[in-house]
file input37.txt (compact mmCIF, C-alpha atoms)
# COMPACT_ATOMS: atom_id res chain seq x y z
CA MET A 1 206.25 66.53 99.87
CA LYS A 2 203.11 66.49 102.00
CA PRO A 3 201.47 63.09 102.61
CA LEU A 4 198.70 62.24 100.17
CA THR A 5 195.69 59.99 100.48
CA GLU A 6 194.60 57.47 97.89
CA GLN A 7 191.73 59.75 96.86
CA GLU A 8 194.07 62.74 96.43
CA ILE A 9 196.41 60.66 94.31
CA ARG A 10 193.63 59.37 92.05
CA ALA A 11 192.24 62.90 91.59
CA ALA A 12 195.69 64.27 90.64
CA PHE A 13 196.17 62.31 87.39
CA VAL A 14 196.43 64.62 84.40
CA ASN A 15 197.15 62.22 81.53
CA CYS A 16 194.52 59.51 81.87
CA THR A 17 190.76 59.32 82.18
CA LYS A 18 188.97 59.38 85.53
CA GLY A 19 187.98 55.76 84.96
CA GLU A 20 191.60 54.73 84.40
CA ALA A 21 192.67 56.66 87.51
CA LYS A 22 189.99 54.87 89.51
CA ARG A 23 191.19 51.43 88.35
CA LEU A 24 194.97 51.84 88.69
CA SER A 25 196.80 50.33 91.64
CA VAL A 26 197.87 52.76 94.37
CA PRO A 27 200.47 51.67 96.96
CA ARG A 28 198.91 50.27 100.13
CA ASP A 29 201.72 51.59 102.33
CA LEU A 30 201.09 55.33 101.91
CA GLY A 31 201.25 55.86 105.68
CA GLU A 32 204.74 54.32 105.81
CA ARG A 33 206.33 56.35 103.01
CA PRO A 34 209.15 58.79 103.94
CA TRP A 35 207.11 61.82 102.77
CA ASP A 36 209.56 64.39 104.17
CA ASP A 37 212.30 62.91 101.96
CA LEU A 38 210.22 62.68 98.77
CA ASP A 39 210.13 65.13 95.89
CA TYR A 40 207.64 62.79 94.26
CA LEU A 41 205.90 59.53 94.98
CA GLY A 42 206.72 56.99 92.30
CA TRP A 43 205.76 53.34 91.99
CA ARG A 44 205.57 50.52 89.48
CA ASP A 45 202.29 48.75 88.79
CA PRO A 46 202.57 45.25 90.30
CA GLN A 47 200.03 43.86 87.80
CA SER A 48 201.61 45.48 84.75
CA PRO A 49 205.42 45.74 84.80
CA GLY A 50 205.40 48.16 81.88
CA ARG A 51 203.40 50.79 83.79
CA ALA A 52 204.56 53.21 86.45
CA TYR A 53 203.07 56.23 88.18
CA LEU A 54 204.49 59.46 89.53
CA VAL A 55 202.83 62.03 91.80
CA THR A 56 204.41 65.37 92.69
CA GLU A 57 203.45 68.86 93.79
CA VAL A 58 203.58 71.63 91.20
CA ASP A 59 202.63 75.12 92.31
CA GLY A 60 201.12 73.71 95.50
CA ARG A 61 198.87 71.21 93.69
CA ALA A 62 199.31 67.47 93.34
CA ARG A 63 199.94 66.35 89.76
CA ALA A 64 200.13 62.68 88.82
CA LEU A 65 201.35 61.02 85.63
CA VAL A 66 200.84 57.61 84.09
CA LEU A 67 204.13 56.37 82.65
CA ARG A 68 204.96 53.53 80.28
CA ARG A 69 208.27 51.73 80.38
CA PRO A 70 209.43 49.76 77.35
CA ALA A 71 210.30 46.13 77.96
CA ARG A 72 213.91 45.49 78.94
CA ILE A 73 216.17 43.95 76.34
CA ALA A 74 218.62 41.38 77.68
CA GLY A 75 222.20 42.58 77.73
CA GLN A 76 221.42 46.29 77.93
CA ALA A 77 222.82 46.90 81.41
CA ARG A 78 225.01 49.83 80.47
CA ARG A 79 225.59 52.90 82.60
CA SER A 80 222.99 55.61 82.12
CA MET A 81 222.03 58.80 83.94
CA CYS A 82 218.61 59.78 85.24
CA SER A 83 217.46 63.05 83.70
CA ILE A 84 215.61 64.05 86.89
CA CYS A 85 218.13 63.48 89.72
CA LEU A 86 221.31 63.05 87.61
CA THR A 87 222.20 59.76 89.30
CA ALA A 88 224.18 57.33 87.15
CA HIS A 89 223.23 53.66 87.28
CA ASP A 90 224.49 50.48 85.70
CA GLY A 91 221.27 49.30 84.06
CA GLY A 92 219.09 51.15 86.58
CA VAL A 93 217.72 53.90 84.32
CA ALA A 94 214.72 53.42 82.05
CA LEU A 95 213.02 55.53 79.43
CA MET A 96 209.64 56.42 80.91
CA VAL A 97 207.07 57.72 78.46
CA ALA A 98 204.05 59.76 79.54
CA PRO A 99 201.10 60.36 77.23
CA LYS A 100 200.51 64.10 76.98
CA ALA A 101 197.53 65.49 78.84
CA GLY A 102 194.32 66.40 77.03
CA ARG A 103 193.72 66.32 73.29
CA ALA A 104 197.39 65.87 72.43
CA GLY A 105 197.54 62.65 74.46
CA GLN A 106 194.33 61.38 72.88
CA GLU A 107 196.03 61.88 69.51
CA GLY A 108 198.93 59.69 70.65
CA ASN A 109 201.49 62.37 71.54
CA SER A 110 203.82 61.62 74.42
CA VAL A 111 206.88 62.88 76.27
CA GLY A 112 209.74 60.73 77.50
CA ALA A 113 212.47 61.07 80.10
CA TYR A 114 215.14 58.79 81.47
CA LEU A 115 214.28 58.09 85.12
CA CYS A 116 215.69 55.90 87.86
CA ASP A 117 214.04 52.56 87.16
CA ASP A 118 213.03 52.19 90.81
CA LEU A 119 211.64 55.77 90.88
CA ALA A 120 213.70 56.55 93.99
CA CYS A 121 215.35 59.79 92.76
CA SER A 122 214.53 61.61 96.00
CA LEU A 123 216.32 59.00 98.09
CA TYR A 124 219.42 58.95 95.87
CA VAL A 125 219.73 62.76 95.99
CA ARG A 126 219.49 62.76 99.79
CA GLY A 127 221.94 59.86 100.22
CA ARG A 128 219.24 57.61 101.71
CA LYS A 129 219.75 55.07 98.95
CA GLU A 130 223.02 54.19 97.22
CA THR A 131 223.85 53.05 93.72
CA ALA A 132 226.72 50.75 92.85
CA ALA A 133 230.16 51.87 93.98
CA GLY A 134 231.48 54.73 91.89
CA ALA A 135 228.16 55.39 90.17
CA ARG A 136 227.42 58.65 92.01
CA LEU A 137 229.41 61.51 90.52
CA HIS A 138 231.11 63.86 92.95
CA GLU A 139 229.39 67.24 93.10
CA THR A 140 230.08 70.32 95.15
CA LEU A 141 226.38 71.14 95.46
CA THR A 142 224.72 70.88 98.85
CA VAL A 143 221.91 68.39 99.37
CA GLU A 144 219.44 71.30 99.34
CA GLU A 145 220.78 72.46 95.96
CA LYS A 146 220.52 68.92 94.56
CA VAL A 147 216.96 68.67 95.86
CA ALA A 148 216.10 72.02 94.23
CA ARG A 149 217.63 70.85 90.92
CA THR A 150 215.68 67.58 91.09
CA ALA A 151 212.44 69.46 91.80
CA ALA A 152 213.09 71.83 88.87
CA ASN A 153 213.82 68.93 86.48
CA LEU A 154 210.68 67.15 87.64
CA ALA A 155 208.54 70.29 87.25
CA ALA A 156 209.91 70.74 83.72
CA PHE A 157 208.95 67.15 82.85
CA VAL A 158 205.42 67.59 84.25
CA ALA A 159 205.12 70.90 82.32
CA GLN A 160 206.02 69.10 79.08
CA VAL A 161 203.30 66.51 79.71
CA THR A 162 200.65 69.10 80.55
CA ALA A 163 201.58 71.61 77.81
call {"tool": "encode", "arguments": {"input": "input37.txt", "output": "structure tokens"}}
result
Amino acid sequence: MKPLTEQEIRAAFVNCTKGEAKRLSVPRDLGERPWDDLDYLGWRDPQSPGRAYLVTEVDGRARALVLRRPARIAGQARRSMCSICLTAHDGGVALMVAPKAGRAGQEGNSVGAYLCDDLACSLYVRGRKETAAGARLHETLTVEEKVARTAANLAAFVAQVTA
């Protein structure tokens, strides 16, 4: 993924108003992010634990989504799999819900996907970040094939939000 500026990120949001995009918190460490290893930039809102954001490139253009994460329920630390990178976690996957873009979103329609709770799919796929022992399933795919699969799953999720 190519490095993005704060202004590019704010302009890329497709499922919130321009005013909301202007007010949301963008990471301050954009210059320190491992952009070459990212399929998307994802972060949690430090002021609102139930909100998260995701920015990716689709057809050469930056697309950003506002996500909601339901509150955790104590005792629900069971093993789940991320629907984007297919990494299994013990309690580290959360249902992230994105309001649909445009009129459908204004009417309350949304799309959900199970994502790595820390939004670090790109790093798990590339082996830069590890899950608990035994959580990563053995695959015969190359890293490049896993990256391509992750990008395709992510593009499909963004397409559902923007449809």
call {"tool": "closest_residue", "arguments": {"input": "input37.txt", "among": "A:Pro99, A:Gly50, A:Pro34, A:Gly92", "to": "Val66 in chain A", "atoms": "only C-alpha atoms"}}
result
A:Pro99
call {"tool": "atom_distance", "arguments": {"input": "input37.txt", "atom1": "CA of Pro49 in chain A", "atom2": "CA of Arg61 in chain A"}}
result
27.8 Å
call {"tool": "atom_distance", "arguments": {"input": "input37.txt", "atom1": "CA of Ala52 in chain A", "atom2": "CA of Asp39 in chain A"}}
result
16.2 Å
call {"tool": "residues_around", "arguments": {"input": "input37.txt", "residues": "range 10-17 of chain A", "least_positions_apart": "4", "cutoff": "7 Å", "atoms": "only C-alpha atoms", "output": "PyMOL selection string"}}
result
chain A and resi 6+21-22+62-66+99-102
call {"tool": "write_last_selection", "arguments": {"input": "input37.txt", "atoms": "C-alpha atoms", "output": "compact mmCIF listing (two decimals), in the frame of the given file"}}
result
# COMPACT_ATOMS: atom_id res chain seq x y z
CA GLU A 6 194.60 57.47 97.89
CA ALA A 21 192.67 56.66 87.51
CA LYS A 22 189.99 54.87 89.51
CA ALA A 62 199.31 67.47 93.34
CA ARG A 63 199.94 66.35 89.76
CA ALA A 64 200.13 62.68 88.82
CA LEU A 65 201.35 61.02 85.63
CA VAL A 66 200.84 57.61 84.09
CA PRO A 99 201.10 60.36 77.23
CA LYS A 100 200.51 64.10 76.98
CA ALA A 101 197.53 65.49 78.84
CA GLY A 102 194.32 66.40 77.03
call {"tool": "closest_residue", "arguments": {"input": "input37.txt", "among": "A:Ser25, A:Ser122, A:Thr56, A:Ser83", "to": "Leu38 in chain A", "atoms": "only C-alpha atoms"}}
result
A:Ser122
call {"tool": "atom_distance", "arguments": {"input": "input37.txt", "atom1": "CA of Thr87 in chain A", "atom2": "CA of Gln47 in chain A"}}
result
27.3 Å
call {"tool": "closest_residue", "arguments": {"input": "input37.txt", "among": "A:Thr5, A:Ser110, A:Thr142, A:Thr131", "to": "Met81 in chain A", "atoms": "all atoms listed in the file"}}
result
A:Thr131
call {"tool": "residues_around", "arguments": {"input": "input37.txt", "residues": "Ala132 in chain A", "least_positions_apart": "4", "cutoff": "10 Å", "atoms": "all atoms listed in the file", "output": "ChimeraX atom specification"}}
result
/A:88-90,92,136
call {"tool": "closest_residue", "arguments": {"input": "input37.txt", "among": "A:Ile9, A:Val97, A:Leu86, A:Leu24", "to": "Leu137 in chain A", "atoms": "all atoms listed in the file"}}
result
A:Leu86
call {"tool": "closest_residue", "arguments": {"input": "input37.txt", "among": "A:Glu32, A:Glu145, A:Glu8, A:Asp117", "to": "Val55 in chain A", "atoms": "only C-alpha atoms"}}
result
A:Glu8
call {"tool": "closest_residue", "arguments": {"input": "input37.txt", "among": "A:Ala163, A:Val143, A:Leu95, A:Ile84", "to": "Leu67 in chain A", "atoms": "all atoms listed in the file"}}
result
A:Leu95
call {"tool": "residues_around", "arguments": {"input": "input37.txt", "residues": "Gly42 in chain A", "least_positions_apart": "6", "cutoff": "7 Å", "atoms": "all atoms listed in the file", "output": "list in words"}}
result
Tyr53, Leu54, Val55 and Leu119 of chain A
call {"tool": "residues_near_point", "arguments": {"input": "input37.txt", "point": "(210.6, 64.9, 101.2)", "cutoff": "12 Å", "atoms": "only C-alpha atoms", "output": "PDB file with C-alpha atoms, keeping the file's coordinate frame"}}
result
ATOM      1  CA  MET A   1     206.250  66.530  99.870  1.00  0.00           C
ATOM      2  CA  LYS A   2     203.110  66.490 102.000  1.00  0.00           C
ATOM      3  CA  PRO A   3     201.470  63.090 102.610  1.00  0.00           C
ATOM      4  CA  ARG A  33     206.330  56.350 103.010  1.00  0.00           C
ATOM      5  CA  PRO A  34     209.150  58.790 103.940  1.00  0.00           C
ATOM      6  CA  TRP A  35     207.110  61.820 102.770  1.00  0.00           C
ATOM      7  CA  ASP A  36     209.560  64.390 104.170  1.00  0.00           C
ATOM      8  CA  ASP A  37     212.300  62.910 101.960  1.00  0.00           C
ATOM      9  CA  LEU A  38     210.220  62.680  98.770  1.00  0.00           C
ATOM     10  CA  ASP A  39     210.130  65.130  95.890  1.00  0.00           C
ATOM     11  CA  TYR A  40     207.640  62.790  94.260  1.00  0.00           C
ATOM     12  CA  LEU A  41     205.900  59.530  94.980  1.00  0.00           C
ATOM     13  CA  THR A  56     204.410  65.370  92.690  1.00  0.00           C
ATOM     14  CA  GLU A  57     203.450  68.860  93.790  1.00  0.00           C
ATOM     15  CA  ALA A 120     213.700  56.550  93.990  1.00  0.00           C
ATOM     16  CA  CYS A 121     215.350  59.790  92.760  1.00  0.00           C
ATOM     17  CA  SER A 122     214.530  61.610  96.000  1.00  0.00           C
ATOM     18  CA  LEU A 123     216.320  59.000  98.090  1.00  0.00           C
ATOM     19  CA  TYR A 124     219.420  58.950  95.870  1.00  0.00           C
ATOM     20  CA  VAL A 125     219.730  62.760  95.990  1.00  0.00           C
ATOM     21  CA  ARG A 126     219.490  62.760  99.790  1.00  0.00           C
ATOM     22  CA  ARG A 128     219.240  57.610 101.710  1.00  0.00           C
ATOM     23  CA  VAL A 143     221.910  68.390  99.370  1.00  0.00           C
ATOM     24  CA  GLU A 144     219.440  71.300  99.340  1.00  0.00           C
ATOM     25  CA  VAL A 147     216.960  68.670  95.860  1.00  0.00           C
ATOM     26  CA  ALA A 148     216.100  72.020  94.230  1.00  0.00           C
ATOM     27  CA  THR A 150     215.680  67.580  91.090  1.00  0.00           C
ATOM     28  CA  ALA A 151     212.440  69.460  91.800  1.00  0.00           C
TER      29      ALA A 151
END
